[in-house]
Amino acid sequence: LIKNRKALLCLSLVLYAFGTIFGEAYAKFTGGLPLYESIFVTTRNGVFFGLPLMCVGEATWNTERVPTLAFALSGGVLLAEITILCRYSEPGSMYIALPGFIYCLVIAFRNWNPNVNTTCLGGVSSAIYVMQFGIITVIMKAAQFANISGDQVSWFVWFAVIIIPAGLYMLLRRTKV
């Protein structure tokens with residue numbers, strides 16, 4: 001599959017769609033996957049999201065520019081999907097429109113200032129992927145212990161999941177550890 005890029009992309013698309021549709025935000029409509037979740041807790045794992053999002057990352061390196069309209073549309077579609085799902089279901093973290101928005105966002109970021117060295121994005125992305133569950137678990141347990149909940153904790157977790165692994169990766173990269 002790794003050598004056959006079309007097969008890899010098709011498999012990734014199917015896995016992402018399956019994991020999203022039977023995951024958190026869509027579970028109210030699809031019923032989720034109770035047997036699967038009794039073993040693996042969630043569909044938010046490497047099988048359904050790791051490989052597909054790595055494919056999105058790879059695709060960004062093969063694209064020079066993304067039209068502003070595509071960027072705006074991908075963001076608008078994602079925002080609409082989140083708004084609709086949050087109105088009729090529980091909020092989630094994975095949405096059908098997310099890979100398209102991430103694709104456009106990474107390309108836009110890379111082209112925003114061509115003088116910025118973006119070669120570390122792959123390493124930072126991997127660090128976020130590897131560390132996110134631990135960071136979320138620790139912060140949520142601390143918030144629960146401190147009896148803090150709500151949007152503030154959610155925003156803090158979101159930023160911490162990006163900043164802590166990115167900072168640690170850059171530190172380790174500079175020190176050659």
# chains A, B, ... in the order shown; residues from 1 in each chain; ligands from 1

$ residues_around --residues "A:Val138" --least-positions-apart "6" --cutoff "12 Å" --atoms "only C-alpha atoms" --output "JSON, numbers by chain"
{"A": [131, 132, 144, 145, 153, 157, 160, 161]}

$ write_last_selection --atoms "N, CA and C atoms" --output "PDB file, in the first residue's frame"
ATOM      1  N   MET A 131       2.006  12.706  21.381  1.00  0.00           N
ATOM      2  CA  MET A 131       1.856  13.212  22.745  1.00  0.00           C
ATOM      3  C   MET A 131       0.444  13.647  23.124  1.00  0.00           C
ATOM      4  N   GLN A 132      -0.451  13.821  22.148  1.00  0.00           N
ATOM      5  CA  GLN A 132      -1.734  14.438  22.443  1.00  0.00           C
ATOM      6  C   GLN A 132      -2.555  13.693  23.493  1.00  0.00           C
ATOM      7  N   GLN A 144     -10.281  18.109  36.482  1.00  0.00           N
ATOM      8  CA  GLN A 144     -11.297  17.413  37.272  1.00  0.00           C
ATOM      9  C   GLN A 144     -10.956  17.503  38.768  1.00  0.00           C
ATOM     10  N   PHE A 145      -9.683  17.308  39.105  1.00  0.00           N
ATOM     11  CA  PHE A 145      -9.226  17.410  40.498  1.00  0.00           C
ATOM     12  C   PHE A 145      -9.464  18.813  41.052  1.00  0.00           C
ATOM     13  N   VAL A 153     -11.266  25.093  29.817  1.00  0.00           N
ATOM     14  CA  VAL A 153     -10.430  23.889  29.849  1.00  0.00           C
ATOM     15  C   VAL A 153     -10.241  23.351  28.439  1.00  0.00           C
ATOM     16  N   VAL A 157      -6.672  22.940  26.697  1.00  0.00           N
ATOM     17  CA  VAL A 157      -6.220  21.634  26.187  1.00  0.00           C
ATOM     18  C   VAL A 157      -5.826  21.758  24.722  1.00  0.00           C
ATOM     19  N   ALA A 160      -2.549  23.574  24.477  1.00  0.00           N
ATOM     20  CA  ALA A 160      -1.477  22.777  25.086  1.00  0.00           C
ATOM     21  C   ALA A 160      -1.069  21.618  24.189  1.00  0.00           C
ATOM     22  N   VAL A 161      -2.038  21.005  23.522  1.00  0.00           N
ATOM     23  CA  VAL A 161      -1.751  19.874  22.631  1.00  0.00           C
ATOM     24  C   VAL A 161      -0.911  20.316  21.435  1.00  0.00           C
TER      25      VAL A 161
END

$ select_by_dssp --residues "stretch 15-170 of chain A" --states "helix (DSSP H, G or I)" --output "VMD selection string"
chain A and resid 15 to 21 27 to 30 34 to 40 46 to 61 68 to 88 98 to 112 121 to 145 151 to 170

$ atom_distance --atom1 "atom CA of A:Ala7" --atom2 "atom CA of A:Asn62"
17.4 Å

$ closest_atom_pairs --of "stretch 49-150 of chain A" --to "stretch 11-20 of chain A" --cutoff "9 Å" --atoms "only C-alpha atoms" --output "CSV"
residue,atom,partner,partner_atom,distance
A:Phe49,CA,A:Tyr16,CA,5.7
A:Gly50,CA,A:Tyr16,CA,8.9
A:Leu51,CA,A:Ser12,CA,6.3
A:Pro52,CA,A:Ser12,CA,4.5
A:Leu53,CA,A:Ser12,CA,8.2
A:Cys55,CA,A:Ser12,CA,7.4
A:Met94,CA,A:Thr20,CA,6.0
A:Tyr95,CA,A:Thr20,CA,6.1
A:Ile96,CA,A:Thr20,CA,6.5

$ atom_distance --atom1 "atom CA of A:Tyr88" --atom2 "atom CA of A:Gly31"
14.0 Å

$ closest_residue --among "A:Val56, A:Asn111, A:Leu121, A:Ile139" --to "A:Leu98" --atoms "only C-alpha atoms"
A:Val56

$ residues_around --residues "A:Thr60" --least-positions-apart "6" --cutoff "7 Å" --atoms "only C-alpha atoms" --output "ChimeraX atom specification"
/A:103,106-107

$ closest_residue --among "A:Ala80, A:Leu33, A:Ile39, A:Cys104" --to "A:Glu64" --atoms "only C-alpha atoms"
A:Cys104

$ closest_residue --among "A:Ala97, A:Asp151, A:Phe133, A:Thr118" --to "A:Thr42" --atoms "only C-alpha atoms"
A:Phe133

$ residues_around --residues "A:Glu24" --least-positions-apart "2" --cutoff "7 Å" --atoms "only C-alpha atoms" --output "list in words"
Tyr26, Ala27 and Gly92 of chain A
